[in-house]
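Printed here is start.cif (mmCIF, C-alpha atoms):
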data_upload
#
loop_
_atom_site.label_atom_id
_atom_site.label_comp_id
_atom_site.auth_asym_id
_atom_site.auth_seq_id
_atom_site.Cartn_x
_atom_site.Cartn_y
_atom_site.Cartn_z
CA MET A 1 -30.36 -1.67 -1.11
CA PHE A 2 -27.95 0.64 -2.90
CA ILE A 3 -26.73 -0.05 -6.45
CA PHE A 4 -23.49 1.89 -6.80
CA LYS A 5 -22.12 3.08 -10.13
CA ARG A 6 -18.49 2.02 -10.15
CA ALA A 7 -15.90 4.36 -11.62
CA ILE A 8 -14.36 1.66 -13.82
CA GLU A 9 -17.71 0.64 -15.32
CA SER A 10 -17.63 3.19 -18.15
CA ARG A 11 -13.99 2.37 -18.91
CA ILE A 12 -14.80 -1.33 -19.17
CA LYS A 13 -17.80 -0.72 -21.45
CA LYS A 14 -15.61 1.23 -23.88
CA LEU A 15 -13.35 -1.80 -24.23
CA LEU A 16 -16.04 -4.40 -24.79
CA PHE A 17 -15.83 -6.29 -28.10
CA LYS A 18 -12.34 -5.00 -28.91
CA LYS A 19 -11.17 -8.57 -29.62
CA LYS A 20 -9.62 -8.88 -26.16
CA MET A 21 -10.68 -10.52 -22.92
CA LEU A 22 -11.35 -8.42 -19.81
CA VAL A 23 -10.00 -9.33 -16.37
CA ILE A 24 -11.41 -7.72 -13.20
CA LEU A 25 -9.33 -8.25 -10.06
CA GLY A 26 -10.11 -7.14 -6.53
CA PRO A 27 -10.66 -8.21 -2.93
CA ARG A 28 -13.59 -10.45 -2.07
CA GLN A 29 -16.87 -8.64 -1.41
CA SER A 30 -15.70 -5.53 -3.28
CA GLY A 31 -18.51 -5.83 -5.84
CA LYS A 32 -16.96 -7.73 -8.75
CA THR A 33 -19.91 -10.09 -9.16
CA THR A 34 -22.44 -7.25 -9.03
CA LEU A 35 -20.46 -5.22 -11.56
CA SER A 36 -19.96 -8.12 -13.96
CA LYS A 37 -23.66 -9.00 -13.89
CA LYS A 38 -24.51 -5.34 -14.50
CA LEU A 39 -22.16 -5.24 -17.50
CA ILE A 40 -23.98 -8.12 -19.22
CA LYS A 41 -27.54 -7.23 -18.15
CA ASP A 42 -28.42 -5.35 -21.35
CA PHE A 43 -27.51 -8.33 -23.55
CA GLY A 44 -30.39 -10.50 -22.32
CA ASN A 45 -30.22 -14.13 -23.46
CA LYS A 46 -27.07 -13.33 -25.44
CA ALA A 47 -25.19 -13.12 -22.14
CA ALA A 48 -24.29 -15.70 -19.52
CA TYR A 49 -22.78 -15.71 -16.02
CA PHE A 50 -20.90 -18.69 -14.53
CA ASP A 51 -19.52 -19.13 -11.01
CA CYS A 52 -16.22 -20.99 -11.39
CA GLN A 53 -16.31 -22.05 -7.75
CA LEU A 54 -18.96 -24.63 -8.67
CA ALA A 55 -17.59 -28.07 -9.50
CA GLU A 56 -20.07 -28.52 -12.35
CA ILE A 57 -18.69 -25.37 -14.03
CA ARG A 58 -15.03 -26.22 -13.46
CA GLY A 59 -15.62 -29.48 -15.34
CA TYR A 60 -15.95 -27.54 -18.62
CA PHE A 61 -12.40 -26.15 -18.33
CA VAL A 62 -10.01 -28.73 -19.75
CA LEU A 63 -6.47 -27.87 -20.81
CA GLY A 64 -5.97 -28.35 -24.54
CA GLU A 65 -9.65 -28.97 -25.25
CA PRO A 66 -11.30 -25.62 -26.08
CA LYS A 67 -14.38 -27.41 -27.43
CA LYS A 68 -15.29 -28.36 -23.85
CA LEU A 69 -16.23 -24.72 -23.19
CA LEU A 70 -18.53 -24.42 -26.17
CA PRO A 71 -21.69 -25.55 -24.32
CA LEU A 72 -21.26 -22.57 -21.95
CA VAL A 73 -20.75 -19.94 -24.64
CA LYS A 74 -22.85 -21.29 -27.50
CA ASN A 75 -24.97 -18.51 -29.04
CA LYS A 76 -23.67 -16.06 -26.42
CA LYS A 77 -22.26 -12.65 -27.21
CA ILE A 78 -20.71 -12.01 -23.81
CA VAL A 79 -19.83 -14.40 -20.95
CA VAL A 80 -18.62 -13.86 -17.37
CA PHE A 81 -16.42 -16.41 -15.60
CA ASP A 82 -16.55 -15.31 -11.96
CA GLU A 83 -13.82 -16.35 -9.45
CA ALA A 84 -11.74 -17.66 -12.34
CA GLN A 85 -8.69 -18.16 -10.12
CA THR A 86 -10.24 -21.42 -8.91
CA ILE A 87 -9.67 -23.01 -12.33
CA GLN A 88 -6.40 -24.87 -12.84
CA ASP A 89 -4.41 -23.48 -15.83
CA ILE A 90 -7.07 -20.82 -16.40
CA GLY A 91 -4.74 -18.53 -18.38
CA THR A 92 -3.72 -21.18 -20.89
CA ILE A 93 -7.28 -22.49 -21.24
CA LEU A 94 -8.72 -19.03 -21.94
CA LYS A 95 -5.86 -18.20 -24.32
CA VAL A 96 -6.50 -21.30 -26.44
CA PHE A 97 -10.25 -20.74 -26.38
CA HIS A 98 -9.89 -17.06 -27.30
CA ASP A 99 -7.60 -17.90 -30.23
CA THR A 100 -9.85 -20.73 -31.43
CA TYR A 101 -13.25 -19.06 -30.93
CA PRO A 102 -12.67 -15.26 -30.91
CA GLY A 103 -16.31 -14.27 -31.38
CA THR A 104 -17.38 -14.22 -27.70
CA GLN A 105 -16.46 -11.43 -25.29
CA ILE A 106 -15.04 -13.04 -22.14
CA ILE A 107 -14.93 -11.31 -18.76
CA ALA A 108 -12.97 -13.12 -16.05
CA THR A 109 -13.06 -11.95 -12.45
CA GLY A 110 -10.86 -12.99 -9.55
CA SER A 111 -10.45 -12.10 -5.90
CA SER A 112 -6.82 -13.14 -5.72
CA SER A 113 -4.49 -10.93 -7.71
CA PHE A 114 -1.36 -12.94 -6.98
CA ASP A 115 -3.00 -16.16 -8.15
CA LEU A 116 -5.20 -15.10 -11.06
CA ALA A 117 -2.63 -12.61 -12.36
CA ASN A 118 0.14 -15.22 -12.24
CA LYS A 119 -2.06 -17.72 -14.08
CA ILE A 120 -3.17 -15.23 -16.75
CA ASN A 121 -0.37 -12.74 -17.41
CA GLU A 122 2.15 -14.97 -19.15
CA PRO A 123 -0.09 -17.14 -21.35
CA MET A 124 -2.48 -14.29 -22.23
CA THR A 125 0.02 -11.53 -22.94
CA GLY A 126 -1.52 -9.00 -25.33
CA ARG A 127 -4.92 -10.68 -25.25
CA PHE A 128 -6.64 -8.94 -22.31
CA PHE A 129 -7.34 -5.67 -20.52
CA GLU A 130 -6.97 -5.71 -16.73
CA PHE A 131 -8.93 -3.69 -14.15
CA THR A 132 -8.84 -3.54 -10.36
CA LEU A 133 -12.05 -3.07 -8.37
CA LEU A 134 -11.46 -1.92 -4.79
CA PRO A 135 -14.07 -1.12 -2.12
CA LEU A 136 -16.14 2.00 -2.75
CA SER A 137 -14.55 5.42 -3.12
CA ILE A 138 -16.14 8.51 -1.59
CA GLU A 139 -17.23 9.66 -5.04
CA GLU A 140 -18.90 6.31 -5.74
CA ILE A 141 -20.76 6.48 -2.43
CA LYS A 142 -21.84 10.07 -3.11
CA SER A 143 -23.36 8.95 -6.40
CA VAL A 144 -26.24 7.30 -4.53
CA LYS A 145 -26.37 8.98 -1.11
CA LYS A 146 -25.36 12.17 0.63
CA ILE A 147 -22.41 11.97 3.02
CA ASN A 148 -22.38 14.06 6.18
CA LYS A 149 -19.64 14.37 8.80
CA ASN A 150 -20.93 11.40 10.79
CA ASP A 151 -21.08 9.22 7.65
CA LEU A 152 -17.47 10.11 6.87
CA LEU A 153 -16.37 9.11 10.37
CA LEU A 154 -18.16 5.76 10.01
CA ILE A 155 -16.48 5.16 6.65
CA MET A 156 -13.08 5.89 8.19
CA LEU A 157 -13.83 3.50 11.05
CA TYR A 158 -15.59 0.62 9.28
CA GLY A 159 -14.32 0.94 5.72
CA SER A 160 -16.22 1.11 2.44
CA TYR A 161 -17.12 -2.41 1.39
CA PRO A 162 -20.49 -2.12 -0.44
CA ALA A 163 -22.30 -4.32 2.10
CA VAL A 164 -20.89 -2.28 4.99
CA ILE A 165 -21.95 1.01 3.43
CA GLY A 166 -25.43 -0.41 2.82
CA ALA A 167 -25.80 -1.60 6.43
CA LYS A 168 -28.28 0.46 8.45
CA THR A 169 -26.89 -0.01 11.96
CA ILE A 170 -23.47 -0.09 13.63
CA ASN A 171 -24.05 -3.65 14.84
CA GLU A 172 -24.89 -4.74 11.30
CA LYS A 173 -21.70 -3.12 9.98
CA LYS A 174 -19.67 -4.94 12.65
CA GLU A 175 -21.25 -8.30 11.82
CA ILE A 176 -20.60 -7.86 8.10
CA LEU A 177 -16.98 -6.92 8.74
CA LYS A 178 -16.55 -9.87 11.08
CA ASN A 179 -17.93 -12.18 8.40
CA ILE A 180 -15.63 -10.72 5.73
CA ALA A 181 -12.60 -11.04 8.02
CA THR A 182 -13.29 -14.62 9.15
CA THR A 183 -14.73 -16.03 5.91
CA TYR A 184 -12.94 -14.18 3.14
CA LEU A 185 -9.95 -12.18 4.31
CA TYR A 186 -7.29 -14.89 4.33
CA LYS A 187 -9.09 -17.45 2.21
CA ASP A 188 -7.09 -16.93 -0.98
CA ILE A 189 -3.78 -16.85 0.84
CA PHE A 190 -4.45 -20.05 2.78
CA VAL A 191 -5.85 -21.83 -0.29
CA PHE A 192 -3.31 -20.81 -2.91
CA GLU A 193 -0.15 -20.37 -0.82
CA ALA A 194 1.13 -22.96 1.62
CA ILE A 195 1.19 -21.00 4.87
CA ARG A 196 3.01 -23.38 7.20
CA ASN A 197 2.06 -21.54 10.39
CA PRO A 198 -1.32 -19.77 10.17
CA LYS A 199 -1.01 -18.57 13.79
CA VAL A 200 2.22 -16.70 13.04
CA PHE A 201 0.64 -15.26 9.90
CA GLU A 202 -2.35 -13.93 11.85
CA ASP A 203 -0.04 -12.57 14.56
CA LEU A 204 1.84 -10.66 11.86
CA VAL A 205 -1.41 -9.07 10.69
CA LYS A 206 -2.17 -8.01 14.27
CA LEU A 207 1.29 -6.48 14.70
CA LEU A 208 0.90 -4.59 11.44
CA ALA A 209 -2.55 -3.39 12.50
CA TYR A 210 -0.99 -1.64 15.49
CA GLN A 211 1.37 0.24 13.17
CA ILE A 212 -1.03 1.69 10.61
CA GLY A 213 0.52 4.75 8.98
CA GLN A 214 3.78 4.29 10.88
CA MET A 215 7.28 3.20 9.99
CA VAL A 216 7.54 -0.60 9.93
CA SER A 217 10.76 -2.48 10.60
CA ILE A 218 11.08 -5.89 8.96
CA ASN A 219 13.81 -6.77 11.46
CA GLU A 220 11.61 -5.91 14.45
CA LEU A 221 8.71 -7.97 13.09
CA SER A 222 11.06 -10.88 12.48
CA GLN A 223 12.34 -10.83 16.06
CA SER A 224 8.86 -10.43 17.57
CA LEU A 225 7.44 -13.39 15.64
CA GLY A 226 10.52 -15.61 15.77
CA ILE A 227 10.68 -16.07 12.00
CA SER A 228 13.20 -15.01 9.37
CA ARG A 229 13.07 -11.64 7.61
CA SER A 230 12.54 -13.40 4.28
CA VAL A 231 9.39 -15.07 5.62
CA VAL A 232 8.11 -11.72 6.96
CA ARG A 233 8.68 -10.11 3.56
CA ARG A 234 6.95 -13.05 1.84
CA TYR A 235 3.90 -12.78 4.10
CA ILE A 236 3.72 -9.01 3.63
CA ARG A 237 3.84 -9.52 -0.13
CA PHE A 238 0.93 -11.98 0.08
CA LEU A 239 -1.06 -9.51 2.20
CA GLU A 240 -0.48 -6.71 -0.28
CA GLN A 241 -1.25 -8.85 -3.31
CA SER A 242 -4.53 -9.93 -1.71
CA TYR A 243 -5.47 -6.27 -1.06
CA ILE A 244 -5.35 -6.47 2.74
CA ILE A 245 -2.50 -3.97 3.12
CA LYS A 246 -0.75 -1.33 1.02
CA VAL A 247 2.95 -0.69 1.48
CA ALA A 248 4.30 2.80 0.79
CA HIS A 249 7.98 2.42 -0.01
CA SER A 250 10.74 4.89 0.80
CA PHE A 251 10.35 8.13 -1.13
CA SER A 252 12.86 10.51 -2.64
CA SER A 253 12.26 13.56 -4.81
CA ASN A 254 15.23 12.42 -6.87
CA PRO A 255 13.94 9.75 -9.31
CA ARG A 256 17.37 8.13 -9.69
CA LYS A 257 17.82 7.89 -5.93
CA GLU A 258 14.29 6.50 -5.57
CA LEU A 259 15.05 3.69 -8.03
CA LYS A 260 18.28 2.96 -6.17
CA ILE A 261 16.44 2.75 -2.83
CA LEU A 262 13.80 0.40 -4.25
CA SER A 263 16.50 -1.75 -5.84
CA PHE A 264 18.26 -2.15 -2.50
CA GLU A 265 14.97 -2.93 -0.75
CA ASN A 266 14.08 -5.58 -3.30
CA GLU A 267 17.49 -7.21 -2.84
CA GLN A 268 16.94 -7.11 0.95
CA LYS A 269 20.24 -5.28 1.48
CA LEU A 270 18.67 -2.23 3.08
CA GLU A 271 16.88 -2.29 6.41
CA GLN A 272 15.12 0.98 5.63
CA PRO A 273 11.62 0.54 7.12
CA ASN A 274 8.57 1.39 5.05
CA PHE A 275 5.31 3.12 5.79
CA LEU A 276 2.50 0.62 5.76
CA PHE A 277 -1.25 1.11 5.58
CA LEU A 278 -3.78 -1.60 6.38
CA ARG A 279 -7.37 -1.61 5.25
CA ARG A 280 -9.75 -1.15 8.16
CA THR A 281 -11.15 -4.68 7.92
CA VAL A 282 -8.15 -6.19 9.67
CA LEU A 283 -8.94 -4.23 12.83
CA ARG A 284 -12.38 -5.68 13.34
#
Let me see whether you can do it: turn the structure in this file into structure tokens.
Amino acid sequence: MFIFKRAIESRIKKLLFKKKMLVILGPRQSGKTTLSKKLIKDFGNKAAYFDCQLAEIRGYFVLGEPKKLLPLVKNKKIVVFDEAQTIQDIGTILKVFHDTYPGTQIIATGSSSFDLANKINEPMTGRFFEFTLLPLSIEEIKSVKKINKNDLLLIMLYGSYPAVIGAKTINEKKEILKNIATTYLYKDIFVFEAIRNPKVFEDLVKLLAYQIGQMVSINELSQSLGISRSVVRRYIRFLEQSYIIKVAHSFSSNPRKELKILSFENEQKLEQPNFLFLRRTVLR
């Protein structure tokens, strides 16, 4: 089993105990839990890790009652709240707790940027540092193993989720990817956003998968799926915010023109298609 040194690890360590909370966002299975546990390992019994997906842990988070959290952080120097997006009003709860009991370093992780960020950004303005943890980079992989030409081809084909990189056989890589796609890929979107027609949503992902690195027309997708352009744009935004795709907007070497183009796109007045890149997991 490989233990990868993540590029953001040293940056996070430099910001520990600076009187601010730390938030680590990223797709599921990208290594947030492993990284957070590694960050607190050296603190021994002065550290604690809690999985917020467990009902017994969620019971300690009560809006307006910061004392409820004290049993979890008592005598602790640093605490991790993993999958914090599952907690209702998490931003407000952590803000009140941080202001009332500032002595404990809190690290909150979340797999859903659009949900956790929305819950945290406004109530916790100025009180936290935010990091994004994506699947492994080539440099992070090279830190623990040599990469030859065949390895590079496999990375391009199957992606760089830590579990996939650590798999020893092609079949094992495929099974891990299948599990990620079926168990985790759309979980946050379906849970936190009311997708009225999951079949149409999945068909959109398939259509986008056939256009990796190509120009994408919102109008064409709308006609193919039989839904409005606004719904297509909304679904694409969810996909990007949950790290499944990355949209590359229209580019101009003239900064003023670039801002004008983006402004028109945001107002949906311009049917200028965008380049779109999907992470390899959606193909498997």
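Here atom CA of Thr109 of chain A is placed at a distance of 8.3 Å from atom CA of Leu22 of chain A.
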> Any idea what's packed within 10 Å of Ile155 of chain A, counting all atoms listed in the file, ignoring anything in its chain fewer than 4 positions away? Could you give it as a PyMOL selection string?
Replying inline: chain A and resi 136-138+147+149-151+159-161+164-165+280
Using C-alpha atoms, can you export the residues from the last selection as a PDB file, in the frame of the given file?
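Full text of part-v5.pdb as output:
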ATOM      1  CA  LEU A 136     -16.140   2.000  -2.750  1.00  0.00           C
ATOM      2  CA  SER A 137     -14.550   5.420  -3.120  1.00  0.00           C
ATOM      3  CA  ILE A 138     -16.140   8.510  -1.590  1.00  0.00           C
ATOM      4  CA  ILE A 147     -22.410  11.970   3.020  1.00  0.00           C
ATOM      5  CA  LYS A 149     -19.640  14.370   8.800  1.00  0.00           C
ATOM      6  CA  ASN A 150     -20.930  11.400  10.790  1.00  0.00           C
ATOM      7  CA  ASP A 151     -21.080   9.220   7.650  1.00  0.00           C
ATOM      8  CA  GLY A 159     -14.320   0.940   5.720  1.00  0.00           C
ATOM      9  CA  SER A 160     -16.220   1.110   2.440  1.00  0.00           C
ATOM     10  CA  TYR A 161     -17.120  -2.410   1.390  1.00  0.00           C
ATOM     11  CA  VAL A 164     -20.890  -2.280   4.990  1.00  0.00           C
ATOM     12  CA  ILE A 165     -21.950   1.010   3.430  1.00  0.00           C
ATOM     13  CA  ARG A 280      -9.750  -1.150   8.160  1.00  0.00           C
TER      14      ARG A 280
END
Within 8 Å of (-12.2, -8.4, -33.3) in the file's own coordinates, which protein, DNA or RNA residues have an atom, counting all atoms listed in the file? List them as a short mmCIF file (atom, residue, chain, number, x, y, z; two decimals) with C-alpha atoms, keeping the file's coordinate frame.
data_model
loop_
_atom_site.label_atom_id
_atom_site.label_comp_id
_atom_site.auth_asym_id
_atom_site.auth_seq_id
_atom_site.Cartn_x
_atom_site.Cartn_y
_atom_site.Cartn_z
CA PHE A 17 -15.83 -6.29 -28.10
CA LYS A 18 -12.34 -5.00 -28.91
CA LYS A 19 -11.17 -8.57 -29.62
CA LYS A 20 -9.62 -8.88 -26.16
CA PRO A 102 -12.67 -15.26 -30.91
CA GLY A 103 -16.31 -14.27 -31.38
#
> Expanded to explicit residues, what is the PyMOL selection byres ((chain A and resi 79) around 12) for this file, as a ChimeraX atom specification?
Replying inline: /A:16-17,21-23,36-37,39-41,43-51,69-78,80-82,103-109
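Among the candidates A:Gly166, A:Gly226, A:Gly59, A:Gly110, the residue lying nearest to Thr33 of chain A is A:Gly110 (atoms considered: only C-alpha atoms).
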Six-sided padding of 3 Å per side, axis-aligned box over segment 55-61 of chain A, centre and edges in Å, one decimal, as lines of an AutoDock Vina configuration file:
center_x = -16.2
center_y = -27.4
center_z = -14.1
size_x = 13.7
size_y = 10.1
size_z = 15.1
Please, can segment 2-20 of chain A be completed to N, CA and C atoms and returned as a PDB file, in the coordinates of the input?
ATOM      1  N   PHE A   2     -28.570  -0.300  -1.979  1.00  0.00           N
ATOM      2  CA  PHE A   2     -27.950   0.640  -2.900  1.00  0.00           C
ATOM      3  C   PHE A   2     -27.294  -0.106  -4.070  1.00  0.00           C
ATOM      4  N   ILE A   3     -27.453   0.446  -5.275  1.00  0.00           N
ATOM      5  CA  ILE A   3     -26.730  -0.050  -6.450  1.00  0.00           C
ATOM      6  C   ILE A   3     -25.760   1.061  -6.848  1.00  0.00           C
ATOM      7  N   PHE A   4     -24.486   0.852  -6.565  1.00  0.00           N
ATOM      8  CA  PHE A   4     -23.490   1.890  -6.800  1.00  0.00           C
ATOM      9  C   PHE A   4     -22.966   1.831  -8.230  1.00  0.00           C
ATOM     10  N   LYS A   5     -22.743   2.995  -8.809  1.00  0.00           N
ATOM     11  CA  LYS A   5     -22.120   3.080 -10.130  1.00  0.00           C
ATOM     12  C   LYS A   5     -20.612   3.126  -9.914  1.00  0.00           C
ATOM     13  N   ARG A   6     -19.917   2.100 -10.367  1.00  0.00           N
ATOM     14  CA  ARG A   6     -18.490   2.020 -10.150  1.00  0.00           C
ATOM     15  C   ARG A   6     -17.735   2.846 -11.192  1.00  0.00           C
ATOM     16  N   ALA A   7     -16.657   3.462 -10.755  1.00  0.00           N
ATOM     17  CA  ALA A   7     -15.900   4.360 -11.620  1.00  0.00           C
ATOM     18  C   ALA A   7     -15.331   3.652 -12.844  1.00  0.00           C
ATOM     19  N   ILE A   8     -14.969   2.365 -12.692  1.00  0.00           N
ATOM     20  CA  ILE A   8     -14.360   1.660 -13.820  1.00  0.00           C
ATOM     21  C   ILE A   8     -15.391   1.114 -14.806  1.00  0.00           C
ATOM     22  N   GLU A   9     -16.671   1.227 -14.462  1.00  0.00           N
ATOM     23  CA  GLU A   9     -17.710   0.640 -15.320  1.00  0.00           C
ATOM     24  C   GLU A   9     -17.682   1.229 -16.729  1.00  0.00           C
ATOM     25  N   SER A  10     -17.619   2.551 -16.826  1.00  0.00           N
ATOM     26  CA  SER A  10     -17.630   3.190 -18.150  1.00  0.00           C
ATOM     27  C   SER A  10     -16.366   2.848 -18.936  1.00  0.00           C
ATOM     28  N   ARG A  11     -15.249   2.725 -18.238  1.00  0.00           N
ATOM     29  CA  ARG A  11     -13.990   2.370 -18.910  1.00  0.00           C
ATOM     30  C   ARG A  11     -14.058   0.958 -19.476  1.00  0.00           C
ATOM     31  N   ILE A  12     -14.669   0.049 -18.707  1.00  0.00           N
ATOM     32  CA  ILE A  12     -14.800  -1.330 -19.170  1.00  0.00           C
ATOM     33  C   ILE A  12     -15.722  -1.403 -20.392  1.00  0.00           C
ATOM     34  N   LYS A  13     -16.838  -0.679 -20.342  1.00  0.00           N
ATOM     35  CA  LYS A  13     -17.800  -0.720 -21.450  1.00  0.00           C
ATOM     36  C   LYS A  13     -17.178  -0.248 -22.760  1.00  0.00           C
ATOM     37  N   LYS A  14     -16.264   0.727 -22.670  1.00  0.00           N
ATOM     38  CA  LYS A  14     -15.610   1.230 -23.880  1.00  0.00           C
ATOM     39  C   LYS A  14     -14.694   0.193 -24.517  1.00  0.00           C
ATOM     40  N   LEU A  15     -14.287  -0.791 -23.725  1.00  0.00           N
ATOM     41  CA  LEU A  15     -13.350  -1.800 -24.230  1.00  0.00           C
ATOM     42  C   LEU A  15     -14.011  -3.138 -24.553  1.00  0.00           C
ATOM     43  N   LEU A  16     -15.327  -3.187 -24.420  1.00  0.00           N
ATOM     44  CA  LEU A  16     -16.040  -4.400 -24.790  1.00  0.00           C
ATOM     45  C   LEU A  16     -15.961  -4.629 -26.298  1.00  0.00           C
ATOM     46  N   PHE A  17     -15.839  -5.882 -26.700  1.00  0.00           N
ATOM     47  CA  PHE A  17     -15.830  -6.290 -28.100  1.00  0.00           C
ATOM     48  C   PHE A  17     -14.699  -5.629 -28.895  1.00  0.00           C
ATOM     49  N   LYS A  18     -13.547  -5.508 -28.244  1.00  0.00           N
ATOM     50  CA  LYS A  18     -12.340  -5.000 -28.910  1.00  0.00           C
ATOM     51  C   LYS A  18     -11.380  -6.166 -29.215  1.00  0.00           C
ATOM     52  N   LYS A  19     -11.931  -7.364 -29.303  1.00  0.00           N
ATOM     53  CA  LYS A  19     -11.170  -8.570 -29.620  1.00  0.00           C
ATOM     54  C   LYS A  19     -10.157  -8.922 -28.525  1.00  0.00           C
ATOM     55  N   LYS A  20     -10.455  -8.508 -27.286  1.00  0.00           N
ATOM     56  CA  LYS A  20      -9.620  -8.880 -26.160  1.00  0.00           C
ATOM     57  C   LYS A  20     -10.489  -9.266 -24.973  1.00  0.00           C
TER      58      LYS A  20
END
